[in-house]
file data-v7.cif (mmCIF, C-alpha atoms)
data_model
loop_
_atom_site.label_atom_id
_atom_site.label_comp_id
_atom_site.auth_asym_id
_atom_site.auth_seq_id
_atom_site.Cartn_x
_atom_site.Cartn_y
_atom_site.Cartn_z
CA GLY A 1 -21.82 -11.59 9.29
CA VAL A 2 -25.35 -11.27 7.93
CA GLY A 3 -27.83 -10.18 10.57
CA GLN A 4 -25.12 -9.52 13.14
CA PRO A 5 -24.57 -6.19 14.93
CA ARG A 6 -22.30 -3.65 13.22
CA ARG A 7 -21.33 -1.87 16.43
CA LEU A 8 -20.77 -3.20 19.93
CA GLU A 9 -19.60 -1.54 23.13
CA ASN A 10 -17.84 -3.12 26.12
CA CYS A 11 -16.74 -6.01 23.95
CA LYS A 12 -15.68 -9.37 25.33
CA ILE A 13 -13.64 -10.91 22.53
CA LEU A 14 -12.90 -14.60 22.08
CA LEU A 15 -10.02 -15.23 19.67
CA GLY A 16 -10.13 -18.61 17.97
CA ASN A 17 -8.18 -20.70 15.52
CA THR A 18 -10.62 -23.46 14.66
CA SER A 19 -12.43 -24.92 11.69
CA MET A 20 -15.91 -23.46 11.27
CA ASP A 21 -16.57 -24.66 7.72
CA THR A 22 -17.80 -28.24 8.23
CA ASP A 23 -21.54 -27.59 8.24
CA LYS A 24 -21.75 -29.19 4.80
CA ILE A 25 -20.32 -32.40 3.44
CA LYS A 26 -17.19 -31.77 1.41
CA ILE A 27 -17.77 -33.94 -1.61
CA TYR A 28 -14.58 -32.99 -3.42
CA GLY A 29 -11.77 -35.33 -2.50
CA SER A 30 -14.11 -37.64 -0.54
CA ARG A 31 -15.91 -40.89 -1.34
CA VAL A 32 -19.25 -41.39 0.35
CA GLN A 33 -21.22 -44.56 -0.45
CA VAL A 34 -24.88 -44.49 0.54
CA ASP A 35 -27.93 -46.38 -0.65
CA SER A 36 -30.26 -43.36 -0.62
CA LEU A 37 -30.29 -39.57 -0.54
CA ASN A 38 -31.80 -39.73 2.94
CA LYS A 39 -28.46 -41.04 4.20
CA VAL A 40 -26.72 -38.00 2.73
CA ALA A 41 -29.21 -35.76 4.53
CA GLU A 42 -28.56 -37.61 7.78
CA ILE A 43 -24.80 -37.10 7.40
CA GLU A 44 -25.35 -33.40 6.73
CA GLN A 45 -27.58 -33.18 9.78
CA ALA A 46 -24.90 -34.85 11.89
CA GLU A 47 -22.36 -32.31 10.64
CA LYS A 48 -24.72 -29.47 11.52
CA LEU A 49 -25.31 -30.91 14.98
CA LYS A 50 -21.58 -31.15 15.53
CA MET A 51 -21.14 -27.52 14.47
CA SER A 52 -24.05 -26.43 16.66
CA LYS A 53 -22.39 -27.99 19.70
CA LYS A 54 -19.14 -26.19 18.91
CA VAL A 55 -20.99 -22.87 18.65
CA ASP A 56 -22.67 -23.56 22.00
CA LYS A 57 -19.25 -24.13 23.58
CA ILE A 58 -18.01 -20.83 22.13
CA LEU A 59 -21.05 -18.96 23.45
CA ALA A 60 -20.49 -20.51 26.88
CA HIS A 61 -17.40 -18.34 27.24
CA GLY A 62 -19.64 -15.30 27.65
CA CYS A 63 -18.23 -13.43 24.67
CA ASN A 64 -20.14 -11.04 22.45
CA VAL A 65 -17.45 -10.99 19.72
CA PHE A 66 -15.85 -14.06 18.15
CA ILE A 67 -12.84 -13.57 15.86
CA ASN A 68 -11.64 -16.66 14.04
CA ARG A 69 -8.46 -17.11 12.06
CA GLN A 70 -10.21 -19.48 9.65
CA LEU A 71 -13.42 -19.24 7.65
CA ILE A 72 -16.89 -19.23 9.21
CA TYR A 73 -19.58 -20.80 7.02
CA ASN A 74 -23.23 -19.78 6.76
CA TYR A 75 -24.71 -22.12 9.37
CA PRO A 76 -22.47 -21.17 12.34
CA GLU A 77 -22.73 -17.56 11.20
CA SER A 78 -26.52 -17.74 11.50
CA LEU A 79 -26.20 -19.28 14.98
CA PHE A 80 -23.98 -16.41 16.09
CA ALA A 81 -26.47 -13.92 14.63
CA LYS A 82 -29.32 -15.49 16.64
CA ALA A 83 -27.24 -15.13 19.80
CA GLY A 84 -26.43 -11.49 19.03
CA VAL A 85 -22.72 -12.21 18.72
CA MET A 86 -20.52 -10.49 16.15
CA ALA A 87 -18.52 -13.15 14.28
CA ILE A 88 -15.46 -12.11 12.28
CA GLU A 89 -13.76 -14.61 10.03
CA HIS A 90 -10.46 -15.05 8.24
CA ALA A 91 -8.15 -13.03 10.48
CA ASP A 92 -4.72 -14.21 9.30
CA PHE A 93 -2.12 -15.60 11.69
CA ASP A 94 -0.24 -12.32 12.15
CA GLY A 95 -3.52 -10.47 12.57
CA ILE A 96 -4.84 -12.81 15.25
CA GLU A 97 -1.54 -12.58 17.14
CA ARG A 98 -1.67 -8.78 17.06
CA LEU A 99 -5.28 -8.83 18.26
CA ALA A 100 -4.28 -11.09 21.14
CA ALA A 101 -1.51 -8.68 22.10
CA VAL A 102 -3.64 -5.55 21.94
CA THR A 103 -6.84 -6.91 23.51
CA GLY A 104 -5.15 -9.06 26.16
CA GLY A 105 -6.96 -12.24 25.11
CA ASP A 106 -5.86 -15.82 24.45
CA VAL A 107 -5.94 -17.55 21.06
CA VAL A 108 -7.69 -20.89 21.59
CA SER A 109 -8.42 -23.90 19.39
CA THR A 110 -10.58 -25.91 21.80
CA PHE A 111 -13.46 -24.60 23.87
CA ASP A 112 -14.01 -27.21 26.58
CA ASN A 113 -12.63 -25.13 29.48
CA PRO A 114 -14.09 -21.60 29.45
CA ASP A 115 -12.74 -20.87 32.95
CA LYS A 116 -9.15 -21.21 31.71
CA VAL A 117 -9.55 -18.82 28.75
CA THR A 118 -8.85 -15.09 29.01
CA LEU A 119 -11.15 -12.97 26.86
CA GLY A 120 -9.91 -9.89 25.07
CA GLU A 121 -11.48 -6.54 25.87
CA CYS A 122 -12.10 -3.24 24.08
CA ASP A 123 -14.50 -0.35 24.57
CA VAL A 124 -16.00 -0.35 21.09
CA LEU A 125 -15.86 -2.46 17.95
CA GLU A 126 -17.57 -1.08 14.86
CA GLN A 127 -17.60 -1.34 11.11
CA ILE A 128 -16.64 1.92 9.42
CA LEU A 129 -16.16 3.05 5.82
CA ILE A 130 -12.82 4.48 4.69
CA GLY A 131 -13.10 5.55 1.09
CA GLU A 132 -14.83 2.58 -0.52
CA THR A 133 -13.42 -0.02 1.87
CA LYS A 134 -15.23 -1.40 4.90
CA VAL A 135 -12.95 -1.95 7.89
CA LEU A 136 -13.40 -2.89 11.53
CA ARG A 137 -12.21 -0.43 14.17
CA LEU A 138 -11.32 -1.51 17.69
CA GLY A 139 -11.24 1.39 20.12
CA GLY A 140 -10.15 1.53 23.75
CA CYS A 141 -8.28 -1.76 23.70
CA LYS A 142 -7.17 -3.29 26.99
CA SER A 143 -3.41 -2.99 26.53
CA GLY A 144 -3.43 0.20 24.47
CA ALA A 145 -0.07 -0.83 23.00
CA ALA A 146 -1.02 -0.70 19.32
CA CYS A 147 -2.67 1.57 16.81
CA THR A 148 -3.49 1.60 13.11
CA ILE A 149 -2.30 4.28 10.70
CA VAL A 150 -4.46 4.68 7.58
CA LEU A 151 -2.68 6.21 4.60
CA ARG A 152 -4.68 7.72 1.74
CA GLY A 153 -3.38 9.43 -1.36
CA SER A 154 -4.15 10.25 -4.96
CA SER A 155 -1.54 7.86 -6.37
CA THR A 156 0.53 4.83 -5.50
CA HIS A 157 3.70 6.91 -5.57
CA ILE A 158 2.41 9.30 -2.90
CA LEU A 159 1.33 6.38 -0.70
CA GLU A 160 4.72 4.68 -1.03
CA GLU A 161 6.50 7.92 -0.09
CA ALA A 162 4.20 8.42 2.90
CA GLU A 163 4.73 4.84 4.04
CA ARG A 164 8.50 5.22 3.71
CA SER A 165 8.46 8.44 5.74
CA ILE A 166 6.38 6.87 8.51
CA HIS A 167 8.62 3.80 8.55
CA ASP A 168 11.71 6.00 8.89
CA ALA A 169 10.08 7.98 11.71
CA LEU A 170 9.15 4.80 13.58
CA CYS A 171 12.68 3.45 13.20
CA ILE A 172 14.10 6.70 14.59
CA LEU A 173 11.63 6.53 17.48
CA ASN A 174 12.67 2.95 18.20
CA ALA A 175 16.34 3.91 18.16
CA THR A 176 15.64 6.84 20.49
CA ILE A 177 13.86 4.59 22.99
CA GLN A 178 16.76 2.14 22.99
CA HIS A 179 19.36 4.92 23.18
CA PRO A 180 17.72 7.96 24.85
CA ARG A 181 20.54 10.40 24.07
CA ARG A 182 19.31 13.26 21.89
CA ILE A 183 20.88 16.15 20.01
CA TYR A 184 19.53 19.34 18.47
CA GLY A 185 18.09 19.02 14.97
CA GLY A 186 17.50 21.52 12.19
CA GLY A 187 21.14 21.46 11.05
CA CYS A 188 22.35 22.68 14.44
CA THR A 189 24.59 19.67 15.10
CA GLU A 190 26.09 19.69 11.59
CA VAL A 191 27.06 23.36 11.82
CA ALA A 192 28.55 22.84 15.29
CA MET A 193 30.64 19.93 13.99
CA ALA A 194 31.71 21.94 10.92
CA ASN A 195 32.81 24.88 13.07
CA ALA A 196 34.77 22.57 15.38
CA ILE A 197 36.53 20.96 12.39
CA ASP A 198 37.34 24.36 10.85
CA THR A 199 38.91 25.46 14.13
CA ALA A 200 40.98 22.28 14.32
CA ALA A 201 41.97 22.57 10.65
CA LYS A 202 43.54 25.99 11.27
CA GLU A 203 45.88 24.41 13.80
CA THR A 204 46.73 21.39 11.63
CA PRO A 205 49.72 21.62 9.27
CA GLY A 206 50.04 19.85 5.94
CA LYS A 207 47.53 18.40 3.55
CA GLN A 208 45.41 17.02 6.38
CA ALA A 209 44.00 20.52 6.86
CA LEU A 210 42.62 20.45 3.30
CA ALA A 211 40.88 17.14 3.94
CA MET A 212 39.43 18.49 7.17
CA ALA A 213 38.15 21.60 5.39
CA SER A 214 36.48 19.42 2.76
CA PHE A 215 34.85 17.29 5.46
CA SER A 216 33.54 20.45 7.13
CA LYS A 217 32.11 21.63 3.81
CA ALA A 218 30.42 18.24 3.32
CA LEU A 219 28.74 18.48 6.74
CA LEU A 220 27.18 21.80 5.73
CA GLN A 221 25.44 20.04 2.86
CA LEU A 222 22.97 18.49 5.32
CA PRO A 223 21.35 21.77 6.47
CA THR A 224 21.59 22.98 2.86
CA ILE A 225 19.51 20.03 1.66
CA VAL A 226 17.01 20.57 4.48
CA ALA A 227 16.55 24.21 3.45
CA ASP A 228 16.24 23.25 -0.24
CA ASN A 229 13.57 20.66 0.57
CA GLY A 230 11.64 23.34 2.47
CA GLY A 231 11.70 25.61 -0.59
CA TYR A 232 13.84 28.32 1.05
CA ASP A 233 17.06 30.07 0.04
CA ALA A 234 19.58 27.54 1.31
CA ALA A 235 22.66 29.73 0.92
CA GLU A 236 21.08 32.57 2.91
CA LEU A 237 19.84 30.37 5.74
CA VAL A 238 23.07 28.37 6.10
CA THR A 239 25.21 31.50 6.28
CA GLN A 240 22.86 32.98 8.88
CA LEU A 241 23.06 29.73 10.83
CA ARG A 242 26.87 29.76 10.81
CA ALA A 243 26.87 33.40 11.95
CA ALA A 244 24.48 32.54 14.81
CA HIS A 245 26.79 29.75 16.00
CA ALA A 246 29.79 32.05 15.74
CA ALA A 247 27.92 34.53 17.95
CA GLY A 248 27.57 31.89 20.67
CA LYS A 249 24.00 30.75 19.96
CA SER A 250 24.89 27.07 20.07
CA ASP A 251 21.29 25.81 19.92
CA SER A 252 20.42 27.69 16.71
CA GLY A 253 18.98 25.70 13.81
CA LEU A 254 16.68 25.94 10.82
CA ASP A 255 13.06 26.83 11.59
CA MET A 256 11.38 25.29 8.54
CA LYS A 257 7.93 26.51 9.54
CA ASN A 258 8.87 30.17 9.28
CA GLY A 259 11.93 29.93 7.05
CA THR A 260 14.22 31.55 9.61
CA ILE A 261 16.85 30.70 12.22
CA GLY A 262 15.45 29.68 15.60
CA SER A 263 16.32 28.02 18.88
CA MET A 264 16.00 24.25 18.58
CA GLU A 265 15.59 23.95 22.34
CA GLU A 266 12.59 26.30 22.35
CA LEU A 267 11.09 24.72 19.23
CA GLY A 268 11.64 21.20 20.58
CA VAL A 269 13.41 19.98 17.43
CA MET A 270 15.51 16.99 18.47
CA GLU A 271 17.19 14.07 16.73
CA SER A 272 18.34 10.69 17.88
CA TYR A 273 22.04 10.67 18.72
CA LYS A 274 22.31 7.05 17.58
CA SER A 275 20.72 7.83 14.21
CA LYS A 276 22.90 10.90 13.60
CA LEU A 277 26.04 9.00 14.55
CA GLN A 278 25.12 6.25 12.08
CA VAL A 279 24.45 8.77 9.29
CA VAL A 280 27.77 10.60 9.70
CA SER A 281 29.77 7.38 10.16
CA SER A 282 28.24 5.71 7.10
CA ALA A 283 28.83 8.78 4.93
CA ALA A 284 32.46 9.04 6.07
CA GLU A 285 33.06 5.34 5.41
CA ALA A 286 31.51 5.59 1.94
CA ALA A 287 33.67 8.63 1.09
CA GLU A 288 36.81 6.85 2.32
CA MET A 289 35.96 3.79 0.22
CA ILE A 290 35.55 5.94 -2.90
CA LEU A 291 38.86 7.72 -2.26
CA ARG A 292 40.66 4.39 -2.09
CA VAL A 293 39.61 3.53 -5.65
CA ASP A 294 42.68 4.23 -7.85
CA ASP A 295 41.07 3.54 -11.19
CA ILE A 296 37.78 2.40 -12.67
CA ILE A 297 37.79 -0.30 -15.32
CA LYS A 298 34.87 -0.05 -17.65
CA SER A 299 34.21 -2.74 -20.20
CA ALA A 300 33.37 -1.71 -23.73
CA PRO A 301 29.69 -2.01 -24.62
CA ARG A 302 28.68 -5.04 -26.65
CA ARG A 303 28.44 -4.28 -30.31
CA ARG A 304 25.04 -4.65 -31.81
CA GLU A 305 24.77 -6.22 -35.20
#
call {"tool": "encode", "arguments": {"input": "data-v7.cif", "output": "structure tokens"}}
result
Amino acid sequence: GVGQPRRLENCKILLGNTSMDTDKIKIYGSRVQVDSLNKVAEIEQAEKLKMSKKVDKILAHGCNVFINRQLIYNYPESLFAKAGVMAIEHADFDGIERLAAVTGGDVVSTFDNPDKVTLGECDVLEQILIGETKVLRLGGCKSGAACTIVLRGSSTHILEEAERSIHDALCILNATIQHPRRIYGGGCTEVAMANAIDTAAKETPGKQALAMASFSKALLQLPTIVADNGGYDAAELVTQLRAAHAAGKSDSGLDMKNGTIGSMEELGVMESYKSKLQVVSSAAEAAEMILRVDDIIKSAPRRRE
């Protein structure tokens, strides 16, 4: 707010969900009958007195930061400024819940019992400038269980791609926490599976061997796509990778930083077992569904007159 500090350290945060916009009479939608303008002034003064008492109750909690889900009008804002308290308004419902989780505070609507309210805590709260946007940064929060990722880019397309990539990474991380089993990345697992299928296909008679060989070839498309996305010669790297596995280097994979074959164990390149299992299973089910389609019926396009 105006006249309030822009940076505070060792913050004691009170999170509220209360109306702080009644310092003026709301004429719209109301009918007030008075015999003089002095009566209107008296009503306004009564509203201000009521708001002043509410601010005093908030300050009695010993907080130096007050974050409200609803609006804070000019009069209570000025009272907070006189007390040296930073007042932040219009934190939406999801935002106030996240703040309560990360700062360890309670969201309150009444302020009559300060001893029963837990204040949120953080080391520093400051207003910073990111690009042309002013934002509030909370550092050193009590729980330390949340963070904010700021994405910046030259176009909306780049930002959407970056957001999608981060979302995918967080989903993989969540799956890994729930199912801690991990496997080597960098195409290592796909080549190992392809080699195992090729070995089994040589011992399988009939047309099933052809299907197994095709499945093995499809698995090799995954490291091929990874190499193509890195801008390297995919055919060269995939053949080197298969040769490394044939030589007994079972942890070999694609080193995309150097464009070579490296040890995934030494490089620390791992993938979630649950995620990889879902990818392979979904691809196999989709391929099986397509193979079961005997014919495709296509309707003739509508003639335009």
call {"tool": "closest_residue", "arguments": {"input": "data-v7.cif", "among": "A:Val280, A:Ala234, A:Val226, A:Ala60", "to": "Gly187 in chain A", "atoms": "only C-alpha atoms"}}
result
A:Val226
call {"tool": "closest_residue", "arguments": {"input": "data-v7.cif", "among": "A:Ala227, A:Val124, A:Met270, A:Met256", "to": "Pro180 in chain A", "atoms": "all atoms listed in the file"}}
result
A:Met270
call {"tool": "resolve_selection", "arguments": {"input": "data-v7.cif", "expression": "the PyMOL selection byres ((chain A and resi 209-211) around 12)", "output": "list in words"}}
result
Ile197, Asp198, Thr199, Ala200, Ala201, Lys202, Glu203, Thr204, Pro205, Gly206, Lys207, Gln208, Met212, Ala213, Ser214, Phe215, Ser216, Lys217, Ala218, Ala284, Ala287, Glu288 and Leu291 of chain A
call {"tool": "atom_distance", "arguments": {"input": "data-v7.cif", "atom1": "CA of Pro223 in chain A", "atom2": "CA of Glu160 in chain A"}}
result
25.0 Å
call {"tool": "resolve_selection", "arguments": {"input": "data-v7.cif", "expression": "the PyMOL selection byres ((chain A and resi 69-85) around 6)", "output": "PyMOL selection string"}}
result
chain A and resi 3-4+17+20-21+64-65+68+86+89-92
call {"tool": "resolve_selection", "arguments": {"input": "data-v7.cif", "expression": "the PyMOL selection byres ((chain A and resi 147) around 12)", "output": "count of residues only"}}
result
17
call {"tool": "closest_residue", "arguments": {"input": "data-v7.cif", "among": "A:Asp295, A:Ser252, A:Ile88, A:Asn195", "to": "Glu266 in chain A", "atoms": "all atoms listed in the file"}}
result
A:Ser252
call {"tool": "residues_around", "arguments": {"input": "data-v7.cif", "residues": "Asp115 in chain A", "least_positions_apart": "6", "cutoff": "12 Å", "atoms": "only C-alpha atoms", "output": "list in words"}}
result
Lys57, Ala60, His61 and Gly62 of chain A
call {"tool": "write_last_selection", "arguments": {"input": "data-v7.cif", "atoms": "C-alpha atoms", "output": "PDB file, in the frame of the given file"}}
result
ATOM      1  CA  LYS A  57     -19.250 -24.130  23.580  1.00  0.00           C
ATOM      2  CA  ALA A  60     -20.490 -20.510  26.880  1.00  0.00           C
ATOM      3  CA  HIS A  61     -17.400 -18.340  27.240  1.00  0.00           C
ATOM      4  CA  GLY A  62     -19.640 -15.300  27.650  1.00  0.00           C
TER       5      GLY A  62
END
call {"tool": "build_atoms", "arguments": {"input": "data-v7.cif", "residues": "range 90-111 of chain A", "atoms": "N, CA, C and O atoms", "output": "PDB file, keeping the file's coordinate frame"}}
result
ATOM      1  N   HIS A  90     -11.630 -15.166   9.099  1.00  0.00           N
ATOM      2  CA  HIS A  90     -10.460 -15.050   8.240  1.00  0.00           C
ATOM      3  C   HIS A  90      -9.478 -13.974   8.691  1.00  0.00           C
ATOM      4  O   HIS A  90      -8.942 -13.223   7.879  1.00  0.00           O
ATOM      5  N   ALA A  91      -9.247 -13.859   9.989  1.00  0.00           N
ATOM      6  CA  ALA A  91      -8.150 -13.030  10.480  1.00  0.00           C
ATOM      7  C   ALA A  91      -6.875 -13.869  10.348  1.00  0.00           C
ATOM      8  O   ALA A  91      -6.785 -14.948  10.913  1.00  0.00           O
ATOM      9  N   ASP A  92      -5.905 -13.402   9.561  1.00  0.00           N
ATOM     10  CA  ASP A  92      -4.720 -14.210   9.300  1.00  0.00           C
ATOM     11  C   ASP A  92      -3.918 -14.417  10.590  1.00  0.00           C
ATOM     12  O   ASP A  92      -4.230 -13.859  11.637  1.00  0.00           O
ATOM     13  N   PHE A  93      -2.868 -15.223  10.478  1.00  0.00           N
ATOM     14  CA  PHE A  93      -2.120 -15.600  11.690  1.00  0.00           C
ATOM     15  C   PHE A  93      -1.493 -14.386  12.358  1.00  0.00           C
ATOM     16  O   PHE A  93      -1.579 -14.222  13.575  1.00  0.00           O
ATOM     17  N   ASP A  94      -0.845 -13.518  11.557  1.00  0.00           N
ATOM     18  CA  ASP A  94      -0.240 -12.320  12.150  1.00  0.00           C
ATOM     19  C   ASP A  94      -1.308 -11.427  12.756  1.00  0.00           C
ATOM     20  O   ASP A  94      -1.109 -10.836  13.819  1.00  0.00           O
ATOM     21  N   GLY A  95      -2.452 -11.311  12.066  1.00  0.00           N
ATOM     22  CA  GLY A  95      -3.520 -10.470  12.570  1.00  0.00           C
ATOM     23  C   GLY A  95      -4.083 -10.959  13.892  1.00  0.00           C
ATOM     24  O   GLY A  95      -4.325 -10.166  14.810  1.00  0.00           O
ATOM     25  N   ILE A  96      -4.276 -12.268  14.026  1.00  0.00           N
ATOM     26  CA  ILE A  96      -4.840 -12.810  15.250  1.00  0.00           C
ATOM     27  C   ILE A  96      -3.848 -12.672  16.405  1.00  0.00           C
ATOM     28  O   ILE A  96      -4.236 -12.455  17.561  1.00  0.00           O
ATOM     29  N   GLU A  97      -2.553 -12.768  16.102  1.00  0.00           N
ATOM     30  CA  GLU A  97      -1.540 -12.580  17.140  1.00  0.00           C
ATOM     31  C   GLU A  97      -1.514 -11.134  17.614  1.00  0.00           C
ATOM     32  O   GLU A  97      -1.367 -10.857  18.813  1.00  0.00           O
ATOM     33  N   ARG A  98      -1.646 -10.199  16.674  1.00  0.00           N
ATOM     34  CA  ARG A  98      -1.670  -8.780  17.060  1.00  0.00           C
ATOM     35  C   ARG A  98      -2.917  -8.471  17.882  1.00  0.00           C
ATOM     36  O   ARG A  98      -2.857  -7.703  18.856  1.00  0.00           O
ATOM     37  N   LEU A  99      -4.050  -9.050  17.496  1.00  0.00           N
ATOM     38  CA  LEU A  99      -5.280  -8.830  18.260  1.00  0.00           C
ATOM     39  C   LEU A  99      -5.143  -9.374  19.675  1.00  0.00           C
ATOM     40  O   LEU A  99      -5.623  -8.759  20.638  1.00  0.00           O
ATOM     41  N   ALA A 100      -4.490 -10.524  19.798  1.00  0.00           N
ATOM     42  CA  ALA A 100      -4.280 -11.090  21.140  1.00  0.00           C
ATOM     43  C   ALA A 100      -3.406 -10.168  21.986  1.00  0.00           C
ATOM     44  O   ALA A 100      -3.656  -9.985  23.181  1.00  0.00           O
ATOM     45  N   ALA A 101      -2.404  -9.559  21.354  1.00  0.00           N
ATOM     46  CA  ALA A 101      -1.510  -8.680  22.100  1.00  0.00           C
ATOM     47  C   ALA A 101      -2.201  -7.391  22.524  1.00  0.00           C
ATOM     48  O   ALA A 101      -1.992  -6.899  23.631  1.00  0.00           O
ATOM     49  N   VAL A 102      -3.054  -6.854  21.652  1.00  0.00           N
ATOM     50  CA  VAL A 102      -3.640  -5.550  21.940  1.00  0.00           C
ATOM     51  C   VAL A 102      -4.889  -5.644  22.812  1.00  0.00           C
ATOM     52  O   VAL A 102      -5.209  -4.726  23.564  1.00  0.00           O
ATOM     53  N   THR A 103      -5.617  -6.764  22.720  1.00  0.00           N
ATOM     54  CA  THR A 103      -6.840  -6.910  23.510  1.00  0.00           C
ATOM     55  C   THR A 103      -6.603  -7.664  24.818  1.00  0.00           C
ATOM     56  O   THR A 103      -7.477  -7.663  25.691  1.00  0.00           O
ATOM     57  N   GLY A 104      -5.452  -8.321  24.940  1.00  0.00           N
ATOM     58  CA  GLY A 104      -5.150  -9.060  26.160  1.00  0.00           C
ATOM     59  C   GLY A 104      -5.814 -10.419  26.240  1.00  0.00           C
ATOM     60  O   GLY A 104      -5.896 -11.003  27.331  1.00  0.00           O
ATOM     61  N   GLY A 105      -6.279 -10.952  25.107  1.00  0.00           N
ATOM     62  CA  GLY A 105      -6.960 -12.240  25.110  1.00  0.00           C
ATOM     63  C   GLY A 105      -6.062 -13.378  24.674  1.00  0.00           C
ATOM     64  O   GLY A 105      -4.943 -13.173  24.196  1.00  0.00           O
ATOM     65  N   ASP A 106      -6.571 -14.614  24.862  1.00  0.00           N
ATOM     66  CA  ASP A 106      -5.860 -15.820  24.450  1.00  0.00           C
ATOM     67  C   ASP A 106      -6.407 -16.315  23.114  1.00  0.00           C
ATOM     68  O   ASP A 106      -7.607 -16.205  22.845  1.00  0.00           O
ATOM     69  N   VAL A 107      -5.527 -16.882  22.296  1.00  0.00           N
ATOM     70  CA  VAL A 107      -5.940 -17.550  21.060  1.00  0.00           C
ATOM     71  C   VAL A 107      -6.141 -19.020  21.377  1.00  0.00           C
ATOM     72  O   VAL A 107      -5.198 -19.706  21.792  1.00  0.00           O
ATOM     73  N   VAL A 108      -7.363 -19.518  21.197  1.00  0.00           N
ATOM     74  CA  VAL A 108      -7.690 -20.890  21.590  1.00  0.00           C
ATOM     75  C   VAL A 108      -8.177 -21.685  20.377  1.00  0.00           C
ATOM     76  O   VAL A 108      -8.725 -21.125  19.423  1.00  0.00           O
ATOM     77  N   SER A 109      -7.965 -22.983  20.445  1.00  0.00           N
ATOM     78  CA  SER A 109      -8.420 -23.900  19.390  1.00  0.00           C
ATOM     79  C   SER A 109      -9.487 -24.858  19.896  1.00  0.00           C
ATOM     80  O   SER A 109     -10.239 -25.420  19.106  1.00  0.00           O
ATOM     81  N   THR A 110      -9.538 -25.072  21.200  1.00  0.00           N
ATOM     82  CA  THR A 110     -10.580 -25.910  21.800  1.00  0.00           C
ATOM     83  C   THR A 110     -11.326 -25.082  22.838  1.00  0.00           C
ATOM     84  O   THR A 110     -10.762 -24.140  23.421  1.00  0.00           O
ATOM     85  N   PHE A 111     -12.574 -25.447  23.070  1.00  0.00           N
ATOM     86  CA  PHE A 111     -13.460 -24.600  23.870  1.00  0.00           C
ATOM     87  C   PHE A 111     -14.119 -25.367  25.010  1.00  0.00           C
ATOM     88  O   PHE A 111     -15.225 -25.051  25.418  1.00  0.00           O
TER      89      PHE A 111
END
